[in-house]
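Text of entry-v3.tsv, listed as TSV, C-alpha atoms:
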```
chain	number	residue	atom	x	y	z
A	568	MET	CA	1.95	-115.04	-82.39
A	569	ASN	CA	3.76	-111.95	-81.14
A	570	LYS	CA	2.82	-108.35	-81.87
A	571	GLU	CA	5.28	-107.86	-84.74
A	572	GLN	CA	4.20	-111.06	-86.51
A	573	PHE	CA	0.56	-110.01	-86.02
A	574	LYS	CA	1.19	-106.56	-87.52
A	575	GLN	CA	3.20	-108.01	-90.41
A	576	GLU	CA	0.38	-110.44	-91.22
A	577	ILE	CA	-2.09	-107.54	-91.32
A	578	ARG	CA	0.30	-105.53	-93.54
A	579	THR	CA	0.42	-108.46	-95.96
A	580	ARG	CA	-3.39	-108.64	-96.08
A	581	LEU	CA	-3.65	-104.89	-96.70
A	582	SER	CA	-1.08	-104.77	-99.50
A	583	ASP	CA	-3.30	-102.43	-101.59
A	584	TYR	CA	-3.15	-99.79	-98.84
A	585	SER	CA	-0.45	-97.12	-98.58
A	586	ASP	CA	2.05	-97.42	-95.73
A	587	GLU	CA	0.53	-94.32	-94.15
A	588	ASP	CA	-2.99	-95.81	-94.15
A	589	ILE	CA	-1.73	-99.11	-92.74
A	590	ASN	CA	0.26	-97.35	-89.99
A	591	LYS	CA	-2.80	-95.28	-89.00
A	592	ALA	CA	-4.94	-98.40	-88.81
A	593	LEU	CA	-2.35	-100.38	-86.87
A	594	GLU	CA	-1.82	-97.64	-84.26
A	595	PHE	CA	-5.17	-98.49	-82.66
A	596	TYR	CA	-4.40	-102.21	-82.47
A	597	ASP	CA	-0.86	-101.53	-81.27
A	598	GLU	CA	-2.24	-99.51	-78.35
A	599	ALA	CA	-4.90	-102.13	-77.63
A	600	ILE	CA	-2.25	-104.85	-77.38
A	601	ASP	CA	-0.07	-102.65	-75.14
A	602	ASP	CA	-3.06	-101.91	-72.87
A	603	ARG	CA	-3.79	-105.60	-72.47
A	604	MET	CA	-0.14	-106.29	-71.70
A	605	GLU	CA	-0.20	-103.55	-69.03
A	606	ASP	CA	-3.22	-105.31	-67.52
A	607	GLY	CA	-1.12	-108.44	-67.02
A	608	MET	CA	-1.56	-110.46	-70.20
A	609	SER	CA	1.38	-111.94	-72.02
A	610	GLU	CA	2.14	-110.63	-75.50
A	611	ASP	CA	0.69	-113.75	-77.15
A	612	GLU	CA	-2.48	-113.58	-75.02
A	613	ALA	CA	-2.92	-109.88	-75.79
A	614	VAL	CA	-2.56	-110.51	-79.52
A	615	ALA	CA	-4.99	-113.44	-79.36
A	616	ALA	CA	-7.53	-111.27	-77.49
A	617	ILE	CA	-7.52	-108.74	-80.35
A	618	GLY	CA	-8.56	-111.36	-82.90
A	619	THR	CA	-7.03	-113.08	-85.88
A	620	PRO	CA	-5.14	-111.06	-88.49
A	621	GLU	CA	-7.90	-111.96	-90.97
A	622	GLU	CA	-10.58	-110.50	-88.70
A	623	VAL	CA	-8.57	-107.37	-87.98
A	624	ALA	CA	-7.73	-106.79	-91.67
A	625	ARG	CA	-11.41	-107.26	-92.56
A	626	GLN	CA	-12.45	-104.78	-89.86
A	627	ILE	CA	-9.92	-102.24	-91.12
A	628	GLN	CA	-11.29	-102.65	-94.64
A	629	MET	CA	-14.87	-102.21	-93.41
A	630	ASP	CA	-13.88	-99.06	-91.48
A	631	THR	CA	-12.14	-97.56	-94.50
A	632	PRO	CA	-14.28	-95.20	-96.61
A	633	ILE	CA	-15.26	-96.72	-99.94
A	634	THR	CA	-13.59	-93.87	-101.82
A	635	THR	CA	-10.24	-94.77	-100.22
A	636	LEU	CA	-10.77	-98.44	-101.09
A	637	VAL	CA	-11.40	-97.58	-104.74
A	638	LYS	CA	-8.42	-95.19	-104.82
A	639	ASN	CA	-6.15	-97.89	-103.38
A	640	LYS	CA	-7.37	-100.46	-105.91
A	641	VAL	CA	-6.91	-98.13	-108.88
A	642	LYS	CA	-3.53	-96.83	-107.72
A	643	GLY	CA	-2.20	-100.36	-107.23
A	644	LYS	CA	-2.89	-101.41	-110.81
A	645	GLY	CA	-0.67	-98.87	-112.58
A	646	GLU	CA	-1.38	-97.48	-116.02
A	647	LEU	CA	-4.09	-98.92	-118.22
A	648	LYS	CA	-3.25	-100.40	-121.59
A	649	THR	CA	-4.86	-98.98	-124.74
A	650	TRP	CA	-7.22	-101.93	-125.21
A	651	GLN	CA	-8.37	-101.57	-121.58
A	652	VAL	CA	-9.20	-97.88	-122.09
A	653	VAL	CA	-11.12	-98.71	-125.29
A	654	LEU	CA	-13.00	-101.48	-123.50
A	655	ILE	CA	-13.91	-99.16	-120.62
A	656	ILE	CA	-15.19	-96.51	-123.04
A	657	LEU	CA	-17.20	-98.99	-125.13
A	658	THR	CA	-18.84	-100.61	-122.12
A	659	ALA	CA	-19.45	-97.30	-120.28
A	660	PRO	CA	-23.16	-97.14	-121.23
A	661	ILE	CA	-23.68	-100.55	-119.63
A	662	TRP	CA	-21.71	-100.18	-116.39
A	663	PHE	CA	-22.67	-96.52	-115.95
A	664	GLY	CA	-26.36	-97.36	-116.36
A	665	LEU	CA	-26.10	-100.31	-114.00
A	666	GLY	CA	-24.26	-98.16	-111.46
A	667	ILE	CA	-26.95	-95.48	-111.58
A	668	ALA	CA	-29.65	-98.15	-111.26
A	669	LEU	CA	-27.89	-99.70	-108.25
A	670	LEU	CA	-27.49	-96.32	-106.56
A	671	SER	CA	-31.17	-95.57	-107.25
A	672	ILE	CA	-32.25	-98.85	-105.67
A	673	ILE	CA	-30.07	-98.27	-102.60
A	674	PHE	CA	-31.38	-94.70	-102.28
A	675	SER	CA	-35.01	-95.81	-102.63
A	676	ILE	CA	-34.63	-98.51	-99.95
A	677	VAL	CA	-33.07	-96.04	-97.50
A	678	VAL	CA	-35.71	-93.38	-98.26
A	679	THR	CA	-38.53	-95.91	-97.86
A	680	ILE	CA	-37.30	-96.97	-94.42
A	681	LEU	CA	-36.81	-93.36	-93.34
A	682	SER	CA	-40.29	-92.48	-94.67
A	683	LEU	CA	-41.81	-95.20	-92.49
A	684	VAL	CA	-39.99	-93.82	-89.45
A	685	PHE	CA	-41.20	-90.32	-90.29
A	686	ALA	CA	-44.78	-91.51	-90.82
A	687	PHE	CA	-44.85	-93.29	-87.45
A	688	MET	CA	-43.40	-90.24	-85.69
A	689	VAL	CA	-45.92	-87.90	-87.33
A	690	THR	CA	-48.77	-90.25	-86.37
A	691	MET	CA	-47.52	-90.34	-82.77
A	692	ALA	CA	-47.24	-86.53	-82.66
A	693	ALA	CA	-50.71	-86.16	-84.22
A	694	LEU	CA	-52.24	-88.45	-81.59
A	695	ILE	CA	-50.65	-86.48	-78.77
A	696	ALA	CA	-51.51	-83.07	-80.25
A	697	SER	CA	-55.09	-84.01	-81.10
A	698	GLY	CA	-55.60	-85.58	-77.66
A	699	ILE	CA	-54.41	-82.39	-75.97
A	700	GLY	CA	-56.48	-80.18	-78.29
A	701	VAL	CA	-59.70	-82.16	-77.91
A	702	PHE	CA	-59.22	-82.32	-74.14
A	703	PHE	CA	-58.96	-78.52	-73.82
A	704	VAL	CA	-61.94	-78.00	-76.14
A	705	SER	CA	-63.90	-80.50	-74.04
A	706	LEU	CA	-63.01	-78.61	-70.86
A	707	ILE	CA	-64.20	-75.36	-72.40
A	708	ALA	CA	-67.41	-77.07	-73.52
A	709	LEU	CA	-67.89	-78.54	-70.03
A	710	ILE	CA	-67.48	-75.09	-68.44
A	711	ALA	CA	-69.92	-73.65	-70.97
A	712	GLY	CA	-72.49	-76.29	-69.97
A	713	GLY	CA	-71.89	-78.95	-72.64
A	714	GLY	CA	-72.94	-81.71	-70.24
A	715	LEU	CA	-72.53	-85.38	-71.17
A	716	HIS	CA	-71.18	-84.63	-74.65
A	717	ALA	CA	-68.27	-82.65	-73.15
A	718	VAL	CA	-67.50	-85.45	-70.63
A	719	VAL	CA	-67.50	-88.10	-73.40
A	720	SER	CA	-65.27	-85.89	-75.56
A	721	ALA	CA	-62.85	-85.38	-72.66
A	722	GLY	CA	-62.73	-89.16	-72.10
A	723	ALA	CA	-62.07	-89.78	-75.81
A	724	ALA	CA	-59.36	-87.10	-75.73
A	725	LEU	CA	-57.65	-88.83	-72.80
A	726	VAL	CA	-57.76	-92.17	-74.66
A	727	ILE	CA	-56.23	-90.60	-77.78
A	728	LEU	CA	-53.58	-88.83	-75.69
A	729	GLY	CA	-52.80	-92.09	-73.88
A	730	LEU	CA	-52.39	-93.92	-77.19
A	731	GLY	CA	-50.05	-91.19	-78.40
A	732	ILE	CA	-47.95	-91.35	-75.23
A	733	LEU	CA	-47.89	-95.16	-75.24
A	734	SER	CA	-46.74	-95.15	-78.86
A	735	ILE	CA	-43.59	-93.17	-78.00
A	736	ILE	CA	-41.61	-96.23	-76.84
A	737	PRO	CA	-42.38	-98.52	-79.81
A	738	VAL	CA	-41.96	-95.70	-82.33
A	739	MET	CA	-38.56	-94.74	-80.90
A	740	ALA	CA	-37.54	-98.43	-80.82
A	741	PHE	CA	-38.64	-98.72	-84.47
A	742	ALA	CA	-36.61	-95.62	-85.34
A	743	ARG	CA	-33.46	-96.97	-83.64
A	744	GLY	CA	-33.98	-100.38	-85.26
A	745	SER	CA	-34.45	-98.75	-88.66
A	746	ILE	CA	-31.20	-96.84	-88.31
A	747	LYS	CA	-29.44	-100.11	-87.41
A	748	VAL	CA	-31.02	-101.80	-90.45
A	749	ILE	CA	-29.89	-98.97	-92.73
A	750	LYS	CA	-26.35	-99.08	-91.32
A	751	GLY	CA	-26.29	-102.87	-91.71
A	752	PHE	CA	-27.62	-102.62	-95.25
A	753	LEU	CA	-24.99	-100.04	-96.22
A	754	SER	CA	-22.26	-102.14	-94.57
A	755	TRP	CA	-23.47	-105.16	-96.54
A	756	ILE	CA	-23.32	-103.12	-99.77
A	757	LYS	CA	-19.78	-102.01	-98.87
A	758	SER	CA	-18.77	-105.59	-98.02
A	759	LEU	CA	-19.63	-106.59	-101.59
A	760	PHE	CA	-16.77	-104.35	-102.75
A	761	VAL	CA	-14.29	-105.42	-100.04
A	762	LYS	CA	-12.56	-108.72	-100.62
```

Could you render the structure from this file as structure tokens?
Amino acid sequence: MNKEQFKQEIRTRLSDYSDEDINKALEFYDEAIDDRMEDGMSEDEAVAAIGTPEEVARQIQMDTPITTLVKNKVKGKGELKTWQVVLIILTAPIWFGLGIALLSIIFSIVVTILSLVFAFMVTMAALIASGIGVFFVSLIALIAGGGLHAVVSAGAALVILGLGILSIIPVMAFARGSIKVIKGFLSWIKSLFVK
């Protein structure tokens, strides 16, 4: 498949989009194909390396903001008939309530995940801060003649500080993983609205 056939196939799959939106999306793929051809690939090989038109059209849809997707869907349908307006108004309490419930569930899942990340980070910071604080208090007690109690406290402080420092790597990994999970979850929600 050559570049023009490839672009035409994508245009067909994105028929709900305006010409301007399609042209913006295709500019990136046009340049990617040209770059591959400059690197020595044939036109067919460069197009094949980009992916199938289905995959590219799907990626463009996933990269498009959901508000633009909705606008394109509504604009493509034209004017609503009287019975459709009446039906929308009569069923508004149902779909509006369900929409609010869905948004609330999505919001609560995201907030729960972010709350876990925050809780782990606060625990890590508390371990480090308390370890440092107890260690300095133990040093003061040792200088003041606290004896064995001050030495044991300093040892406990170093253990707590070590736990706090060791927890940095897993907590940061958990935070990055949580962000990936949230992005994946929101992409999955968006994919439910993209055909």

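Distances to Thr635 in chain A were evaluated for A:Ala616, A:Phe760, A:Thr579, A:Gly714 using all atoms listed in the file, and the minimum falls at A:Phe760.
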
Quick one: pull the distance between CA of Val678 in chain A and CA of Ile695 in chain A, Å, one decimal.
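If I compute the distance from CA of Val678 in chain A to CA of Ile695 in chain A, I get 25.5 Å.
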
For CA of Lys570 in chain A and CA of Asp611 in chain A, the interatomic separation in Å (one decimal)
7.5 Å

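Counting all atoms listed in the file, Asn590 in chain A has the following residues at most 12 Å away, ignoring those fewer than 3 positions along the same chain: A:Lys574, A:Gln575, A:Ile577, A:Arg578, A:Leu581, A:Tyr584, A:Ser585, A:Asp586, A:Glu587, A:Leu593, A:Glu594, A:Phe595, A:Tyr596, A:Asp597, A:Ile627.
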
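Relative to CA of Ala624 in chain A, CA of Glu646 in chain A is found at 26.8 Å.
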